[in-house]
$ cat my_file29.csv   # CSV, C-alpha atoms
chain,number,residue,atom,x,y,z
A,1,ILE,CA,101.0,30.3,201.6
A,2,ALA,CA,101.0,33.6,199.6
A,3,ARG,CA,104.0,32.6,197.4
A,4,HIS,CA,101.9,30.9,194.8
A,5,ALA,CA,99.4,33.8,194.6
A,6,VAL,CA,102.2,36.4,194.2
A,7,THR,CA,104.1,34.3,191.6
A,8,GLN,CA,100.9,34.0,189.5
A,9,ALA,CA,100.2,37.7,189.9
A,10,MET,CA,103.6,38.6,188.7
A,11,ARG,CA,102.9,36.6,185.5
A,12,ILE,CA,99.8,38.7,185.0
A,13,ARG,CA,101.8,41.9,185.7
A,14,GLU,CA,104.3,41.0,183.0
A,15,ALA,CA,101.5,40.3,180.5
A,16,GLY,CA,99.8,43.6,181.2
A,17,LEU,CA,103.0,45.5,181.0
A,18,ALA,CA,103.9,43.7,177.7
A,19,LYS,CA,100.5,44.7,176.4
A,20,GLY,CA,101.4,48.4,177.2
A,21,TRP,CA,99.1,48.8,180.1
A,22,PRO,CA,100.6,51.2,182.7
A,23,LEU,CA,100.4,50.3,186.3
A,24,TYR,CA,97.8,52.2,188.3
A,25,VAL,CA,99.5,51.0,191.5
A,26,ASP,CA,102.9,49.4,191.7
A,27,SER,CA,101.9,46.4,193.8
A,28,PRO,CA,104.3,43.6,194.9
A,29,THR,CA,101.3,41.5,196.0
A,30,ASN,CA,98.7,39.2,194.6
A,31,GLN,CA,96.7,42.2,193.5
A,32,GLN,CA,97.7,43.9,190.2
A,33,PHE,CA,96.3,47.3,189.1
A,34,PHE,CA,96.4,48.4,185.5
A,35,ILE,CA,95.2,51.3,183.4
A,36,VAL,CA,93.4,49.7,180.4
A,37,PRO,CA,91.9,51.3,177.3
A,38,ASP,CA,88.2,51.1,177.5
A,39,HIS,CA,87.9,49.4,174.1
A,40,GLN,CA,89.9,46.5,175.5
A,41,LEU,CA,87.8,46.0,178.6
A,42,GLU,CA,84.9,44.5,176.8
A,43,GLY,CA,87.1,41.8,175.3
A,44,LEU,CA,88.7,41.1,178.6
A,45,GLY,CA,85.4,40.9,180.3
A,46,GLN,CA,84.0,38.3,177.9
A,47,LYS,CA,86.2,35.6,179.3
A,48,PHE,CA,87.7,37.0,182.6
A,49,SER,CA,86.6,38.7,185.7
A,50,TYR,CA,88.2,41.9,187.0
A,51,ASP,CA,87.3,44.7,189.4
A,52,LEU,CA,86.7,48.2,188.2
A,53,TRP,CA,88.9,50.5,190.3
A,54,GLU,CA,88.4,53.9,188.8
A,55,THR,CA,87.0,55.4,185.6
A,56,LEU,CA,89.5,57.8,184.1
A,57,PRO,CA,88.5,60.8,181.9
A,58,ASP,CA,90.5,59.7,178.9
A,59,HIS,CA,88.7,56.6,177.8
A,60,ARG,CA,90.7,54.4,180.1
A,61,THR,CA,89.8,52.5,183.3
A,62,ALA,CA,91.9,51.4,186.3
A,63,ILE,CA,91.2,47.7,187.0
A,64,ARG,CA,92.3,45.2,189.6
A,65,LEU,CA,93.3,41.6,188.8
A,66,CYS,CA,93.7,39.4,191.8
A,67,THR,CA,95.0,35.8,192.5
A,68,SER,CA,94.8,33.6,195.5
A,69,TRP,CA,96.6,30.6,197.0
A,70,ALA,CA,94.0,28.5,195.1
A,71,THR,CA,94.3,30.1,191.6
A,72,PRO,CA,95.1,27.3,189.1
A,73,VAL,CA,98.2,28.0,187.0
A,74,SER,CA,96.1,27.0,184.0
A,75,TRP,CA,93.7,29.9,184.7
A,76,VAL,CA,96.6,32.3,184.7
A,77,ASP,CA,97.9,30.8,181.5
A,78,GLN,CA,94.5,31.5,179.9
A,79,LEU,CA,94.5,35.1,181.2
A,80,VAL,CA,98.0,35.8,180.1
A,81,ALA,CA,97.1,34.5,176.6
A,82,GLY,CA,93.9,36.5,176.6
A,83,ILE,CA,95.6,39.7,177.5
A,84,GLY,CA,98.1,39.1,174.7
A,85,ALA,CA,95.3,38.5,172.2
A,86,LEU,CA,93.4,41.8,172.9
$ encode --input "my_file29.csv" --output "structure tokens"
Amino acid sequence: IARHAVTQAMRIREAGLAKGWPLYVDSPTNQQFFIVPDHQLEGLGQKFSYDLWETLPDHRTAIRLCTSWATPVSWVDQLVAGIGAL
């Protein structure tokens, strides 16, 4: 039942890494943790939800992006495109 969630999370992981976001935690699960420059968080938050994980002292923030068994592929498509457009 978790295969779909993990597959979609790995797509998000690749998009974040391609954007240059370091991993905060190297997670093989449906939860992906990135360190994101604060100036990109506002743009991300205009269209997508994320969880704040930790505020870092260098104008970056650790966030969590999470998928589930019910996450539509089209939503992940939109998120991947949105990350690329930041």
$ atom_distance --input "my_file29.csv" --atom1 "atom CA of A:Val80" --atom2 "atom CA of A:Leu56"
23.9 Å
$ atom_distance --input "my_file29.csv" --atom1 "atom CA of A:Ala85" --atom2 "atom CA of A:Lys47"
11.9 Å
$ atom_distance --input "my_file29.csv" --atom1 "atom CA of A:Thr61" --atom2 "atom CA of A:Val36"
5.4 Å
$ closest_residue --input "my_file29.csv" --among "A:Ile83, A:Leu52, A:Leu44, A:Ala62" --to "A:Gly16" --atoms "all atoms listed in the file"
A:Ile83
$ residues_around --input "my_file29.csv" --residues "A:Leu41" --least-positions-apart "5" --cutoff "12 Å" --atoms "only C-alpha atoms" --output "list in words"
Trp21, Phe34, Ile35, Val36, Gln46, Lys47, Phe48, Ser49, Tyr50, Asp51, Leu52, Thr55, His59, Arg60, Thr61, Ala62, Ile63, Arg64, Gly82, Ile83 and Leu86 of chain A
$ residues_around --input "my_file29.csv" --residues "A:His4" --least-positions-apart "4" --cutoff "9 Å" --atoms "all atoms listed in the file" --output "PyMOL selection string"
chain A and resi 8-9+30+67-71
$ build_atoms --input "my_file29.csv" --residues "stretch 57-73 of chain A" --atoms "N, CA and C atoms" --output "PDB file, in the coordinates of the input"
ATOM      1  N   PRO A  57      89.176  59.902 182.912  1.00  0.00           N
ATOM      2  CA  PRO A  57      88.500  60.800 181.900  1.00  0.00           C
ATOM      3  C   PRO A  57      88.949  60.594 180.492  1.00  0.00           C
ATOM      4  N   ASP A  58      89.965  59.814 180.235  1.00  0.00           N
ATOM      5  CA  ASP A  58      90.500  59.700 178.900  1.00  0.00           C
ATOM      6  C   ASP A  58      90.265  58.379 178.217  1.00  0.00           C
ATOM      7  N   HIS A  59      89.065  57.827 178.448  1.00  0.00           N
ATOM      8  CA  HIS A  59      88.700  56.600 177.800  1.00  0.00           C
ATOM      9  C   HIS A  59      89.548  55.401 178.275  1.00  0.00           C
ATOM     10  N   ARG A  60      89.990  55.475 179.511  1.00  0.00           N
ATOM     11  CA  ARG A  60      90.700  54.400 180.100  1.00  0.00           C
ATOM     12  C   ARG A  60      90.135  54.117 181.499  1.00  0.00           C
ATOM     13  N   THR A  61      90.369  52.920 182.002  1.00  0.00           N
ATOM     14  CA  THR A  61      89.800  52.500 183.300  1.00  0.00           C
ATOM     15  C   THR A  61      90.901  51.793 184.083  1.00  0.00           C
ATOM     16  N   ALA A  62      90.967  52.105 185.357  1.00  0.00           N
ATOM     17  CA  ALA A  62      91.900  51.400 186.300  1.00  0.00           C
ATOM     18  C   ALA A  62      91.114  50.131 186.735  1.00  0.00           C
ATOM     19  N   ILE A  63      91.788  48.988 186.616  1.00  0.00           N
ATOM     20  CA  ILE A  63      91.200  47.700 187.000  1.00  0.00           C
ATOM     21  C   ILE A  63      92.127  46.998 187.995  1.00  0.00           C
ATOM     22  N   ARG A  64      91.537  46.046 188.727  1.00  0.00           N
ATOM     23  CA  ARG A  64      92.300  45.200 189.600  1.00  0.00           C
ATOM     24  C   ARG A  64      92.144  43.740 189.139  1.00  0.00           C
ATOM     25  N   LEU A  65      93.244  43.032 189.011  1.00  0.00           N
ATOM     26  CA  LEU A  65      93.300  41.600 188.800  1.00  0.00           C
ATOM     27  C   LEU A  65      93.909  40.960 190.001  1.00  0.00           C
ATOM     28  N   CYS A  66      93.294  39.914 190.517  1.00  0.00           N
ATOM     29  CA  CYS A  66      93.700  39.400 191.800  1.00  0.00           C
ATOM     30  C   CYS A  66      93.841  37.834 191.718  1.00  0.00           C
ATOM     31  N   THR A  67      94.856  37.289 192.355  1.00  0.00           N
ATOM     32  CA  THR A  67      95.000  35.800 192.500  1.00  0.00           C
ATOM     33  C   THR A  67      94.939  35.437 193.934  1.00  0.00           C
ATOM     34  N   SER A  68      94.854  34.147 194.161  1.00  0.00           N
ATOM     35  CA  SER A  68      94.800  33.600 195.500  1.00  0.00           C
ATOM     36  C   SER A  68      95.718  32.390 195.612  1.00  0.00           C
ATOM     37  N   TRP A  69      95.819  31.838 196.784  1.00  0.00           N
ATOM     38  CA  TRP A  69      96.600  30.600 197.000  1.00  0.00           C
ATOM     39  C   TRP A  69      96.014  29.467 196.165  1.00  0.00           C
ATOM     40  N   ALA A  70      94.730  29.581 195.799  1.00  0.00           N
ATOM     41  CA  ALA A  70      94.000  28.500 195.100  1.00  0.00           C
ATOM     42  C   ALA A  70      93.883  28.745 193.601  1.00  0.00           C
ATOM     43  N   THR A  71      94.446  29.803 193.078  1.00  0.00           N
ATOM     44  CA  THR A  71      94.300  30.100 191.600  1.00  0.00           C
ATOM     45  C   THR A  71      95.093  29.076 190.831  1.00  0.00           C
ATOM     46  N   PRO A  72      94.429  28.316 189.970  1.00  0.00           N
ATOM     47  CA  PRO A  72      95.100  27.300 189.100  1.00  0.00           C
ATOM     48  C   PRO A  72      96.086  28.025 188.144  1.00  0.00           C
ATOM     49  N   VAL A  73      97.239  27.448 187.944  1.00  0.00           N
ATOM     50  CA  VAL A  73      98.200  28.000 187.000  1.00  0.00           C
ATOM     51  C   VAL A  73      97.552  28.003 185.583  1.00  0.00           C
TER      52      VAL A  73
END
